>>> print(open('my_file-v1.cif').read())   # mmCIF, C-alpha atoms (C1' of nucleotides)
data_data
loop_
_atom_site.label_atom_id
_atom_site.label_comp_id
_atom_site.auth_asym_id
_atom_site.auth_seq_id
_atom_site.Cartn_x
_atom_site.Cartn_y
_atom_site.Cartn_z
CA MET D 24 -14.93 -29.32 -15.53
CA THR D 25 -12.96 -31.38 -17.98
CA PRO D 26 -10.33 -33.82 -16.70
CA ALA D 27 -7.61 -31.60 -18.14
CA GLN D 28 -8.94 -28.75 -16.09
CA LEU D 29 -9.08 -30.84 -12.96
CA ARG D 30 -5.50 -31.83 -13.55
CA ARG D 31 -4.49 -28.22 -14.01
CA ARG D 32 -6.32 -27.21 -10.91
CA SER D 33 -4.70 -29.79 -8.73
CA ARG D 34 -1.31 -29.07 -10.23
CA ILE D 35 -1.78 -25.54 -8.97
CA THR D 36 -2.79 -26.51 -5.46
CA GLU D 37 0.00 -29.05 -5.25
CA THR D 38 2.46 -26.35 -6.22
CA VAL D 39 1.18 -24.18 -3.42
CA VAL D 40 1.42 -27.04 -0.95
CA GLU D 41 5.03 -27.53 -2.00
CA MET D 42 5.75 -23.85 -1.60
CA LEU D 43 4.16 -23.85 1.83
CA GLU D 44 6.66 -26.48 2.85
CA GLU D 45 9.34 -23.87 2.65
CA THR D 46 7.84 -20.40 2.79
CA SER D 47 5.18 -18.50 4.62
CA PRO D 48 1.82 -17.82 3.00
CA ASP D 49 2.35 -14.11 2.69
CA SER D 50 5.66 -14.39 0.97
CA ILE D 51 4.08 -16.58 -1.67
CA GLN D 52 3.21 -14.46 -4.67
CA MET D 53 0.54 -15.15 -7.21
CA ARG D 54 3.06 -14.59 -10.00
CA ASP D 55 5.37 -17.22 -8.60
CA VAL D 56 2.57 -19.71 -8.14
CA ALA D 57 1.57 -19.24 -11.74
CA GLU D 58 5.12 -19.61 -12.94
CA ARG D 59 6.03 -22.61 -10.80
CA SER D 60 2.90 -24.47 -11.78
CA GLY D 61 3.41 -23.68 -15.44
CA VAL D 62 0.24 -21.71 -15.85
CA ALA D 63 -0.44 -18.17 -16.95
CA LEU D 64 -1.34 -15.59 -14.35
CA GLY D 65 -4.72 -15.07 -15.97
CA THR D 66 -5.38 -18.78 -15.83
CA LEU D 67 -4.49 -18.94 -12.18
CA TYR D 68 -7.06 -16.25 -11.58
CA ARG D 69 -9.62 -18.13 -13.60
CA TYR D 70 -9.31 -21.04 -11.19
CA PHE D 71 -8.86 -19.05 -8.01
CA PRO D 72 -10.32 -15.56 -8.15
CA ALA D 73 -8.35 -14.40 -5.12
CA LYS D 74 -5.28 -15.35 -3.20
CA PRO D 75 -7.00 -16.43 0.01
CA GLN D 76 -9.14 -18.84 -1.97
CA LEU D 77 -6.05 -20.36 -3.49
CA LEU D 78 -4.46 -20.74 -0.09
CA ALA D 79 -7.64 -22.23 1.31
CA ALA D 80 -7.67 -24.77 -1.48
CA ALA D 81 -4.05 -25.64 -0.79
CA MET D 82 -4.82 -26.06 2.89
CA ALA D 83 -7.67 -28.38 2.00
CA ALA D 84 -5.37 -30.41 -0.23
CA TRP D 85 -2.82 -30.73 2.54
CA ASN D 86 -5.55 -31.80 4.91
CA ASP D 87 -6.82 -34.45 2.57
CA ARG D 88 -3.36 -35.81 2.16
CA LEU D 89 -3.07 -36.14 5.94
CA SER D 90 -6.46 -37.81 6.29
CA GLN D 91 -5.48 -40.38 3.73
CA ARG D 92 -2.23 -41.06 5.48
CA LEU D 93 -4.18 -41.43 8.72
CA ALA D 94 -6.60 -43.88 7.16
CA ALA D 95 -3.73 -45.96 5.79
CA GLU D 96 -2.07 -45.97 9.18
CA ARG D 97 -5.23 -47.22 10.79
CA ARG D 98 -5.46 -50.13 8.44
CA ARG D 99 -1.95 -51.10 9.40
CA ARG D 100 -2.29 -50.60 13.15
CA PRO D 101 -5.85 -51.06 14.35
CA ASP D 102 -4.67 -50.65 17.95
CA ARG D 103 -4.37 -46.94 17.28
CA ASP D 104 -7.88 -46.76 16.02
CA ALA D 105 -10.21 -44.03 17.18
CA ARG D 106 -11.95 -46.72 19.17
CA ALA D 107 -8.91 -48.02 21.03
CA GLY D 108 -8.21 -46.98 24.58
CA ASP D 109 -10.39 -44.82 26.80
CA VAL D 110 -12.00 -41.59 25.73
CA VAL D 111 -9.30 -39.27 26.95
CA GLU D 112 -6.59 -41.29 25.32
CA ARG D 113 -8.41 -41.39 22.02
CA VAL D 114 -9.13 -37.70 21.93
CA VAL D 115 -5.63 -36.77 22.96
CA ARG D 116 -4.26 -38.96 20.21
CA LEU D 117 -6.44 -37.22 17.68
CA TYR D 118 -5.40 -33.70 18.60
CA VAL D 119 -1.77 -34.53 19.17
CA ARG D 120 -1.63 -35.93 15.68
CA GLN D 121 -2.92 -32.66 14.30
CA MET D 122 -0.48 -30.65 16.32
CA LYS D 123 2.45 -32.79 15.18
CA ALA D 124 1.41 -32.25 11.60
CA PHE D 125 1.54 -28.52 12.18
CA GLN D 126 4.91 -28.90 13.83
CA ARG D 127 6.26 -30.51 10.68
CA GLY D 128 4.73 -27.77 8.55
CA PRO D 129 4.90 -24.57 10.54
CA TYR D 130 3.81 -22.49 7.58
CA PHE D 131 0.66 -24.52 7.41
CA ALA D 132 0.05 -23.59 11.00
CA ARG D 133 0.36 -19.93 10.12
CA LEU D 134 -1.89 -20.42 7.19
CA GLU D 135 -4.48 -22.20 9.29
CA VAL D 136 -4.58 -19.25 11.64
CA GLU D 137 -4.75 -16.79 8.78
CA LEU D 138 -7.63 -18.63 7.16
CA GLN D 139 -9.53 -18.99 10.39
CA THR D 140 -9.50 -15.24 10.77
CA CYS D 141 -10.32 -14.56 7.15
CA ARG D 142 -13.59 -12.92 6.21
CA ASP D 143 -13.76 -13.95 2.58
CA PRO D 144 -17.06 -15.87 2.24
CA PHE D 145 -15.54 -18.46 -0.06
CA VAL D 146 -12.80 -19.19 2.46
CA VAL D 147 -15.31 -19.36 5.28
CA GLU D 148 -17.21 -21.89 3.23
CA THR D 149 -14.23 -24.22 2.94
CA LEU D 150 -13.60 -23.77 6.64
CA VAL D 151 -17.12 -24.80 7.46
CA GLU D 152 -16.74 -27.91 5.33
CA ARG D 153 -13.48 -28.82 6.96
CA SER D 154 -14.87 -28.33 10.41
CA ALA D 155 -17.82 -30.58 9.61
CA VAL D 156 -15.45 -33.38 8.63
CA ASN D 157 -13.42 -32.75 11.71
CA ARG D 158 -16.39 -32.67 14.02
CA SER D 159 -17.43 -36.14 13.03
CA ALA D 160 -13.97 -37.51 13.76
CA VAL D 161 -13.96 -35.86 17.15
CA LEU D 162 -17.43 -37.03 18.02
CA GLU D 163 -16.47 -40.55 17.03
CA ALA D 164 -13.53 -40.42 19.42
CA MET D 165 -15.79 -39.00 22.12
CA GLU D 166 -18.33 -41.75 21.82
CA GLY D 167 -19.88 -42.37 25.19
CA ILE D 168 -19.86 -38.74 26.22
CA PRO D 169 -23.20 -36.94 26.31
CA ALA D 170 -23.72 -34.85 23.19
CA GLU D 171 -23.85 -31.43 24.78
CA ARG D 172 -20.82 -32.06 26.86
CA ALA D 173 -18.95 -33.41 23.85
CA ARG D 174 -19.80 -30.28 21.91
CA LEU D 175 -18.42 -28.10 24.68
CA ALA D 176 -15.35 -30.21 25.17
CA SER D 177 -14.45 -30.13 21.51
CA LEU D 178 -15.04 -26.40 21.43
CA ALA D 179 -12.71 -25.88 24.36
CA ILE D 180 -10.05 -28.21 23.01
CA GLY D 181 -10.25 -26.89 19.47
CA SER D 182 -10.02 -23.33 20.70
CA THR D 183 -7.05 -24.18 22.84
CA MET D 184 -5.36 -25.81 19.91
CA LEU D 185 -5.90 -22.81 17.69
CA ASN D 186 -4.77 -20.43 20.38
CA SER D 187 -1.69 -22.51 21.09
CA LEU D 188 -0.85 -22.46 17.41
CA VAL D 189 -1.16 -18.71 17.50
CA LEU D 190 1.08 -18.43 20.53
CA TRP D 191 3.59 -20.79 18.99
CA THR D 192 3.70 -19.17 15.58
CA THR D 193 4.20 -15.76 17.13
CA ASP D 194 7.08 -17.05 19.27
CA ARG D 195 5.29 -16.54 22.51
CA ILE D 196 5.62 -20.18 23.55
CA ARG D 197 7.61 -23.18 22.38
CA PHE D 198 6.04 -26.01 20.49
CA ALA D 199 6.37 -28.37 23.47
CA GLU D 200 4.30 -26.00 25.56
CA ALA D 201 1.68 -25.70 22.88
CA LEU D 202 1.39 -29.45 22.76
CA ARG D 203 1.16 -29.71 26.50
CA ASN D 204 -1.57 -27.07 26.59
CA VAL D 205 -3.68 -29.12 24.25
CA GLU D 206 -3.13 -32.37 26.10
CA ASP D 207 -3.81 -30.81 29.47
CA VAL D 208 -7.01 -29.18 28.35
CA CYS D 209 -8.17 -32.48 26.88
CA ARG D 210 -7.73 -34.08 30.25
CA LEU D 211 -9.29 -31.16 32.07
CA VAL D 212 -12.49 -31.17 30.06
CA LEU D 213 -12.85 -34.89 29.55
CA SER D 214 -11.87 -36.60 32.74
CA ASP D 215 -14.36 -36.84 35.52
CA ARG D 216 -12.47 -35.44 38.36
CA PRO D 217 -13.07 -35.71 42.09
CA ALA D 218 -14.86 -32.88 43.80
CA SER D 219 -11.67 -31.23 45.09
CA SER D 220 -8.82 -31.74 42.66
CA MET G 11 9.50 12.66 25.89
CA THR G 12 8.25 16.17 26.47
CA PRO G 13 4.70 16.70 27.69
CA ALA G 14 3.80 18.16 24.32
CA GLN G 15 4.95 14.98 22.69
CA LEU G 16 2.98 12.86 25.10
CA ARG G 17 -0.05 14.91 24.30
CA ARG G 18 0.52 14.50 20.59
CA ARG G 19 0.99 10.80 20.97
CA SER G 20 -2.20 10.29 22.88
CA ARG G 21 -4.07 12.55 20.51
CA ILE G 22 -3.09 10.12 17.79
CA THR G 23 -4.13 7.00 19.63
CA GLU G 24 -7.40 8.62 20.67
CA THR G 25 -8.09 9.44 17.07
CA VAL G 26 -7.56 5.83 16.13
CA VAL G 27 -9.84 4.67 18.94
CA GLU G 28 -12.51 7.00 17.61
CA MET G 29 -12.06 5.70 14.11
CA LEU G 30 -12.28 2.12 15.34
CA GLU G 31 -15.68 2.94 16.71
CA GLU G 32 -16.94 3.20 13.17
CA THR G 33 -14.59 1.43 10.79
CA SER G 34 -12.60 -1.72 10.57
CA PRO G 35 -8.86 -1.67 11.20
CA ASP G 36 -7.91 -2.42 7.63
CA SER G 37 -9.96 0.35 6.18
CA ILE G 38 -8.21 2.83 8.40
CA GLN G 39 -5.44 4.49 6.45
CA MET G 40 -2.31 6.01 7.84
CA ARG G 41 -2.95 9.17 5.81
CA ASP G 42 -6.38 9.60 7.35
CA VAL G 43 -5.10 9.01 10.84
CA ALA G 44 -2.48 11.68 10.29
CA GLU G 45 -5.00 14.09 8.89
CA ARG G 46 -7.71 13.50 11.47
CA SER G 47 -5.31 13.86 14.34
CA GLY G 48 -3.83 17.02 12.85
CA VAL G 49 -0.36 15.66 12.43
CA ALA G 50 1.89 15.22 9.43
CA LEU G 51 2.34 11.77 7.98
CA GLY G 52 6.03 11.84 8.75
CA THR G 53 5.27 12.70 12.34
CA LEU G 54 2.82 9.86 12.65
CA TYR G 55 5.58 7.56 11.50
CA ARG G 56 7.98 9.04 13.98
CA TYR G 57 5.65 8.01 16.80
CA PHE G 58 4.53 4.71 15.34
CA PRO G 59 6.96 3.17 12.89
CA ALA G 60 4.35 0.82 11.44
CA LYS G 61 0.63 0.52 11.23
CA PRO G 62 0.23 -2.55 13.44
CA GLN G 63 2.10 -0.75 16.19
CA LEU G 64 -0.28 2.14 15.93
CA LEU G 65 -3.25 -0.18 16.09
CA ALA G 66 -1.75 -2.03 19.04
CA ALA G 67 -1.33 1.24 20.87
CA ALA G 68 -4.93 2.16 20.14
CA MET G 69 -6.09 -1.20 21.42
CA ALA G 70 -4.10 -0.66 24.60
CA ALA G 71 -5.69 2.75 25.03
CA TRP G 72 -9.16 1.30 24.61
CA ASN G 73 -8.33 -1.39 27.13
CA ASP G 74 -7.11 1.08 29.68
CA ARG G 75 -10.25 3.08 29.28
CA LEU G 76 -12.30 -0.03 30.02
CA SER G 77 -10.25 -0.99 33.05
CA GLN G 78 -10.76 2.43 34.50
CA ARG G 79 -14.46 2.25 33.92
CA LEU G 80 -14.42 -1.15 35.59
CA ALA G 81 -12.57 0.16 38.59
CA ALA G 82 -15.03 3.03 38.94
CA GLU G 83 -17.93 0.63 38.71
CA ARG G 84 -16.48 -1.48 41.46
CA ARG G 85 -16.21 1.46 43.78
CA ARG G 86 -19.87 2.16 43.23
CA ARG G 87 -21.13 -1.42 43.49
CA PRO G 88 -18.91 -3.57 45.68
CA ASP G 89 -21.37 -6.45 45.33
CA ARG G 90 -20.06 -6.95 41.83
CA ASP G 91 -16.54 -7.13 43.07
CA ALA G 92 -14.22 -9.85 41.84
CA ARG G 93 -14.59 -11.34 45.30
CA ALA G 94 -18.39 -11.48 45.34
CA GLY G 95 -20.20 -14.73 44.65
CA ASP G 96 -18.66 -18.14 44.05
CA VAL G 97 -15.75 -18.80 41.75
CA VAL G 98 -17.72 -19.71 38.69
CA GLU G 99 -19.93 -16.67 39.01
CA ARG G 100 -16.96 -14.35 39.43
CA VAL G 101 -15.06 -15.72 36.48
CA VAL G 102 -18.10 -15.72 34.26
CA ARG G 103 -18.74 -12.10 35.17
CA LEU G 104 -15.19 -11.20 34.23
CA TYR G 105 -15.27 -12.79 30.80
CA VAL G 106 -18.81 -11.76 30.00
CA ARG G 107 -17.83 -8.20 30.64
CA GLN G 108 -15.03 -8.47 28.14
CA MET G 109 -17.28 -10.07 25.57
CA LYS G 110 -19.88 -7.36 25.98
CA ALA G 111 -17.25 -4.73 25.44
CA PHE G 112 -16.35 -6.40 22.17
CA GLN G 113 -20.00 -6.56 21.25
CA ARG G 114 -20.24 -2.81 21.60
CA GLY G 115 -17.10 -2.35 19.55
CA PRO G 116 -17.05 -5.07 16.94
CA TYR G 117 -14.12 -3.50 15.15
CA PHE G 118 -12.12 -3.78 18.31
CA ALA G 119 -12.92 -7.46 18.29
CA ARG G 120 -11.54 -7.77 14.78
CA LEU G 121 -8.52 -5.80 15.79
CA GLU G 122 -7.94 -7.98 18.81
CA VAL G 123 -7.91 -11.04 16.61
CA GLU G 124 -5.66 -9.37 14.08
CA LEU G 125 -3.18 -8.35 16.74
CA GLN G 126 -3.16 -11.72 18.40
CA THR G 127 -2.08 -13.26 15.14
CA CYS G 128 0.46 -10.58 14.34
CA ARG G 129 4.13 -11.43 14.24
CA ASP G 130 5.56 -7.96 14.66
CA PRO G 131 7.77 -8.16 17.76
CA PHE G 132 6.66 -4.78 19.02
CA VAL G 133 3.03 -5.82 18.82
CA VAL G 134 3.76 -9.12 20.53
CA GLU G 135 5.40 -7.14 23.29
CA THR G 136 2.28 -5.09 23.98
CA LEU G 137 0.24 -8.29 23.88
CA VAL G 138 2.43 -9.90 26.48
CA GLU G 139 2.03 -6.87 28.70
CA ARG G 140 -1.72 -6.88 28.32
CA SER G 141 -1.95 -10.58 29.04
CA ALA G 142 0.08 -10.16 32.21
CA VAL G 143 -2.38 -7.57 33.48
CA ASN G 144 -5.22 -9.78 32.49
CA ARG G 145 -3.77 -12.87 34.08
CA SER G 146 -3.66 -11.23 37.47
CA ALA G 147 -7.32 -10.24 37.24
CA VAL G 148 -8.28 -13.77 36.29
CA LEU G 149 -6.21 -15.36 39.02
CA GLU G 150 -7.77 -13.01 41.52
CA ALA G 151 -11.23 -14.14 40.47
CA MET G 152 -10.09 -17.76 40.64
CA GLU G 153 -8.81 -17.48 44.15
CA GLY G 154 -9.24 -20.79 45.90
CA ILE G 155 -8.48 -22.87 42.86
CA PRO G 156 -5.13 -24.67 42.78
CA ALA G 157 -2.61 -22.76 40.69
CA GLU G 158 -2.04 -25.33 37.97
CA ARG G 159 -5.70 -25.91 37.49
CA ALA G 160 -6.35 -22.17 37.39
CA ARG G 161 -3.71 -21.78 34.71
CA LEU G 162 -5.33 -24.44 32.59
CA ALA G 163 -8.82 -23.15 33.13
CA SER G 164 -7.90 -19.64 32.13
CA LEU G 165 -6.09 -20.97 29.09
CA ALA G 166 -9.16 -22.91 28.02
CA ILE G 167 -11.53 -20.04 28.67
CA GLY G 168 -9.33 -17.42 27.09
CA SER G 169 -8.85 -19.58 24.03
CA THR G 170 -12.55 -20.17 23.76
CA MET G 171 -13.19 -16.48 24.01
CA LEU G 172 -10.73 -15.68 21.27
CA ASN G 173 -12.05 -18.43 19.07
CA SER G 174 -15.61 -17.32 19.63
CA LEU G 175 -14.65 -13.80 18.67
CA VAL G 176 -13.15 -15.20 15.49
CA LEU G 177 -16.27 -17.20 14.71
CA TRP G 178 -18.45 -14.21 15.44
CA THR G 179 -16.47 -11.67 13.46
CA THR G 180 -16.41 -13.99 10.46
CA ASP G 181 -20.18 -14.45 10.65
CA ARG G 182 -19.99 -18.11 11.48
CA ILE G 183 -21.96 -17.72 14.70
CA ARG G 184 -24.10 -15.03 16.28
CA PHE G 185 -22.94 -13.01 19.19
CA ALA G 186 -25.34 -14.74 21.57
CA GLU G 187 -23.77 -18.06 20.72
CA ALA G 188 -20.31 -16.70 21.21
CA LEU G 189 -21.29 -15.49 24.62
CA ARG G 190 -22.86 -18.78 25.52
CA ASN G 191 -19.75 -20.65 24.43
CA VAL G 192 -17.65 -18.67 26.83
CA GLU G 193 -20.05 -19.05 29.72
CA ASP G 194 -20.46 -22.76 29.15
CA VAL G 195 -16.76 -23.40 28.97
CA CYS G 196 -16.28 -21.43 32.18
CA ARG G 197 -18.69 -23.75 33.91
CA LEU G 198 -17.24 -26.83 32.29
CA VAL G 199 -13.70 -26.16 33.44
CA LEU G 200 -14.45 -24.62 36.81
CA SER G 201 -17.27 -26.56 38.34
CA ASP G 202 -16.53 -29.80 40.09
CA ARG G 203 -18.84 -32.15 38.39
CA PRO G 204 -20.08 -35.58 39.45
CA ALA G 205 -18.46 -38.63 37.95
CA SER G 206 -21.13 -39.14 35.31
CA SER G 207 -22.52 -35.85 34.16
"C1'" DA A 5 -13.60 -32.29 -40.36
"C1'" DC A 6 -14.74 -27.11 -39.80
"C1'" DG A 7 -15.72 -23.10 -37.72
"C1'" DA A 8 -17.46 -20.86 -33.73
"C1'" DA A 9 -16.92 -20.53 -28.92
"C1'" DT A 10 -14.31 -20.96 -25.10
"C1'" DA A 11 -9.80 -21.52 -22.50
"C1'" DA A 12 -4.98 -20.61 -21.97
"C1'" DA A 13 -0.65 -18.08 -22.64
"C1'" DA A 14 2.26 -14.10 -22.07
"C1'" DG A 15 3.01 -10.28 -20.12
"C1'" DA A 16 1.87 -5.40 -19.78
"C1'" DA A 17 -0.80 -2.21 -17.07
"C1'" DC A 18 -3.39 -0.63 -13.10
"C1'" DG A 19 -4.55 0.59 -8.30
"C1'" DT A 20 -4.11 0.77 -3.58
"C1'" DG A 21 -1.97 1.88 0.49
"C1'" DA A 22 1.97 1.51 3.38
"C1'" DT A 23 6.34 3.49 3.78
"C1'" DT A 24 10.16 6.72 2.71
"C1'" DC A 25 12.23 11.03 1.19
"C1'" DT A 26 12.82 16.07 0.47
"C1'" DA A 27 12.53 20.66 1.29
"C1'" DT A 28 10.96 23.86 4.38
"C1'" DT A 29 9.39 25.85 8.67
"C1'" DC A 30 8.81 26.01 13.67
"C1'" DC A 31 10.30 25.82 18.65
"C1'" DG A 32 12.96 25.52 22.74
"C1'" DC A 33 17.25 26.53 24.51
"C1'" DT A 34 21.71 28.85 25.64
"C1'" DA Z 20 20.58 35.75 17.67
"C1'" DG Z 21 21.19 31.16 16.21
"C1'" DC Z 22 21.64 26.10 16.49
"C1'" DG Z 23 19.50 21.46 16.41
"C1'" DG Z 24 16.09 18.56 16.79
"C1'" DA Z 25 10.81 18.22 15.69
"C1'" DA Z 26 7.09 18.98 12.68
"C1'" DT Z 27 4.89 20.04 8.20
"C1'" DA Z 28 3.34 19.23 3.56
"C1'" DG Z 29 3.28 16.54 0.15
"C1'" DA Z 30 5.72 14.17 -3.53
"C1'" DA Z 31 7.95 9.81 -4.65
"C1'" DT Z 32 8.63 4.90 -4.09
"C1'" DC Z 33 7.47 0.17 -3.85
"C1'" DA Z 34 5.39 -4.14 -3.47
"C1'" DC Z 35 1.79 -7.05 -4.92
"C1'" DG Z 36 -2.70 -8.32 -5.83
"C1'" DT Z 37 -5.69 -7.86 -9.55
"C1'" DT Z 38 -7.20 -6.72 -14.28
"C1'" DC Z 39 -6.65 -6.17 -19.31
"C1'" DT Z 40 -5.09 -7.05 -23.98
"C1'" DT Z 41 -3.50 -9.71 -27.56
"C1'" DT Z 42 -2.38 -13.90 -29.45
"C1'" DT Z 43 -2.54 -18.74 -29.67
"C1'" DA Z 44 -4.48 -23.26 -28.53
"C1'" DT Z 45 -8.55 -26.42 -27.42
"C1'" DT Z 46 -12.96 -28.07 -27.36
"C1'" DC Z 47 -17.32 -29.22 -29.27
"C1'" DG Z 48 -21.48 -29.21 -31.87
"C1'" DT Z 49 -22.93 -30.58 -36.26
#
>>> encode(input="my_file-v1.cif", output="structure tokens")
Amino acid sequence: MTPAQLRRRSRITETVVEMLEETSPDSIQMRDVAERSGVALGTLYRYFPAKPQLLAAAMAAWNDRLSQRLAAERRRRPDRDARAGDVVERVVRLYVRQMKAFQRGPYFARLEVELQTCRDPFVVETLVERSAVNRSAVLEAMEGIPAERARLASLAIGSTMLNSLVLWTTDRIRFAEALRNVEDVCRLVLSDRPASS
Amino acid sequence: MTPAQLRRRSRITETVVEMLEETSPDSIQMRDVAERSGVALGTLYRYFPAKPQLLAAAMAAWNDRLSQRLAAERRRRPDRDARAGDVVERVVRLYVRQMKAFQRGPYFARLEVELQTCRDPFVVETLVERSAVNRSAVLEAMEGIPAERARLASLAIGSTMLNSLVLWTTDRIRFAEALRNVEDVCRLVLSDRPASS
DNA sequence: ACGAATAAAAGAACGTGATTCTATTCCGCT
DNA sequence: AGCGGAATAGAATCACGTTCTTTTATTCGT
């Protein structure tokens, strides 16, 4: 892929990211994406053979942007590092950060849900990659917890986060409740609790 | 609603349930539903103003059928009652049963996921109703656990179940793993565990 | 620097499936 | 009998993703 092509490609995904800041994934049309990113419809389809793949790529771009911001933040304030504080605190911080990002970009939350439930193999592939990256961050924050238990805990927390996003984006709960769900489940699965709490 | 209309309505939903036994929700077409249930397309739309509502109604019908079967089973084998065994056992039994039902009807699993992420207010309404019914069954099985903790536990387990269904239906894990996820999370959130497990 | 190849542009055309509309016929009721 | 609300049958509409066609740049090997 030539540099010009890479530029074109990322111009497209950036356009979609911009659009997702103000509209929902399913009201974004391929035509509009092509137009707004100054590319012909055929070209758009050369780069992204189907809409879900385009959206998945945009989601990945958004994610990368956030990771970079996170890394920069860490350099500035090492006290918020994934190693600061006790396990529960660290993990909560990690997930709360993700939730807050979704709060700022509700259409990204919808998209996340849509992609998670998407059967397109290409999309699944990008999901698997993203979850691998994510897993390592979570396991880092859970350092000190036995592997099997960490796996289960992150499954439970991740599932709760996704479910809370679903409930939030379908107006069944408010964002504050969604956030609290995630925090509470973190504590539930991570804290050693006395035999009768 | 006249009895004839009730009959017509349930003939439609039964047709959809039948179809869901062999095809995925999105390859079910409104035309076919109308035809197979011996009703005109316009009539179908009179009863169900949009496809998701029809699917939601079918899901509800399937659910009811299962609950009835469950109730019958209980009458026959009281040892499997929601009150038999310790808490963990009871809750596990409850969720495993649901998972197995989805295993038998994989397209219902897909539909469940699709409905959960659906924004149509009518669909959300039926979901809320179903979750209320479900909540009471879960709380019954969790008798003896403090209310707040029970709420959290069922949130975590329910979320894990949904997420596992998603992972399964998108071929990211096998059914056995999905099942194990749910069981393991049940144990994780329900058992009192020693301070260093 | 020249002529294939390959990529991009521009936009028309296609296809699918949900939804809506129209004209007609049927039923239950008084 | 006769009125009004269902139901029928099926055509018509519509939105959008996807594909195709034609024309115009680029790229690249030599």
>>> interface_residues(input="my_file-v1.cif", of="chain G", to="chain D", cutoff="10 Å", atoms="only C-alpha atoms", output="VMD selection string")
chain G and resid 120 123 to 124 126 to 131 134 to 135 137 to 138 155 to 156 159 161 to 163 165 to 177 179 to 182 191 to 192 194 to 196 198 to 207
>>> interface_residues(input="my_file-v1.cif", of="chain G", to="chain A", cutoff="12 Å", atoms="all atoms listed in the file", output="list in words")
Thr12, Ala14, Asp36, Ser37, Ile38, Gln39, Met40, Arg41, Asp42, Leu51, Gly52, Leu54, Tyr55, Arg56, Phe58, Pro59, Ala60, Lys61 and Pro62 of chain G
>>> atom_distance(input="my_file-v1.cif", atom1="C1' of DG24 in chain Z", atom2="CA of Tyr57 in chain G")
14.8 Å
>>> interface_residues(input="my_file-v1.cif", of="chain Z", to="chain G", cutoff="10 Å", atoms="all atoms listed in the file", output="PyMOL selection string")
chain Z and resi 25-29
>>> residues_around(input="my_file-v1.cif", residues="range 113-118 of chain D", least_positions_apart="5", cutoff="10 Å", atoms="only C-alpha atoms (C1' of nucleotides)", output="short mmCIF file (atom, residue, chain, number, x, y, z; two decimals) with C-alpha atoms, keeping the file's coordinate frame")
data_model
loop_
_atom_site.label_atom_id
_atom_site.label_comp_id
_atom_site.auth_asym_id
_atom_site.auth_seq_id
_atom_site.Cartn_x
_atom_site.Cartn_y
_atom_site.Cartn_z
CA ARG D 103 -4.37 -46.94 17.28
CA ASP D 104 -7.88 -46.76 16.02
CA ALA D 105 -10.21 -44.03 17.18
CA ARG D 106 -11.95 -46.72 19.17
CA ALA D 107 -8.91 -48.02 21.03
CA GLY D 108 -8.21 -46.98 24.58
CA LYS D 123 2.45 -32.79 15.18
CA ALA D 124 1.41 -32.25 11.60
CA ALA D 160 -13.97 -37.51 13.76
CA VAL D 161 -13.96 -35.86 17.15
CA LEU D 162 -17.43 -37.03 18.02
CA GLU D 163 -16.47 -40.55 17.03
CA ALA D 164 -13.53 -40.42 19.42
CA MET D 165 -15.79 -39.00 22.12
CA GLU D 166 -18.33 -41.75 21.82
CA SER D 177 -14.45 -30.13 21.51
CA ILE D 180 -10.05 -28.21 23.01
CA GLY D 181 -10.25 -26.89 19.47
CA MET D 184 -5.36 -25.81 19.91
CA LEU D 202 1.39 -29.45 22.76
CA VAL D 205 -3.68 -29.12 24.25
CA GLU D 206 -3.13 -32.37 26.10
CA ASP D 207 -3.81 -30.81 29.47
CA VAL D 208 -7.01 -29.18 28.35
CA CYS D 209 -8.17 -32.48 26.88
CA ARG D 210 -7.73 -34.08 30.25
CA LEU D 213 -12.85 -34.89 29.55
#
>>> closest_residue(input="my_file-v1.cif", among="D:Thr46, D:Asn86, D:Ser33, D:Gln91", to="Tyr130 in chain D", atoms="only C-alpha atoms")
D:Thr46
>>> atom_distance(input="my_file-v1.cif", atom1="CA of Ala68 in chain G", atom2="CA of Glu139 in chain G")
14.3 Å
>>> atom_distance(input="my_file-v1.cif", atom1="CA of Ala57 in chain D", atom2="CA of Leu43 in chain D")
14.6 Å
>>> residues_around(input="my_file-v1.cif", residues="Arg59 in chain D", least_positions_apart="6", cutoff="9 Å", atoms="all atoms listed in the file", output="list in words")
Ile35, Thr38 and Val39 of chain D
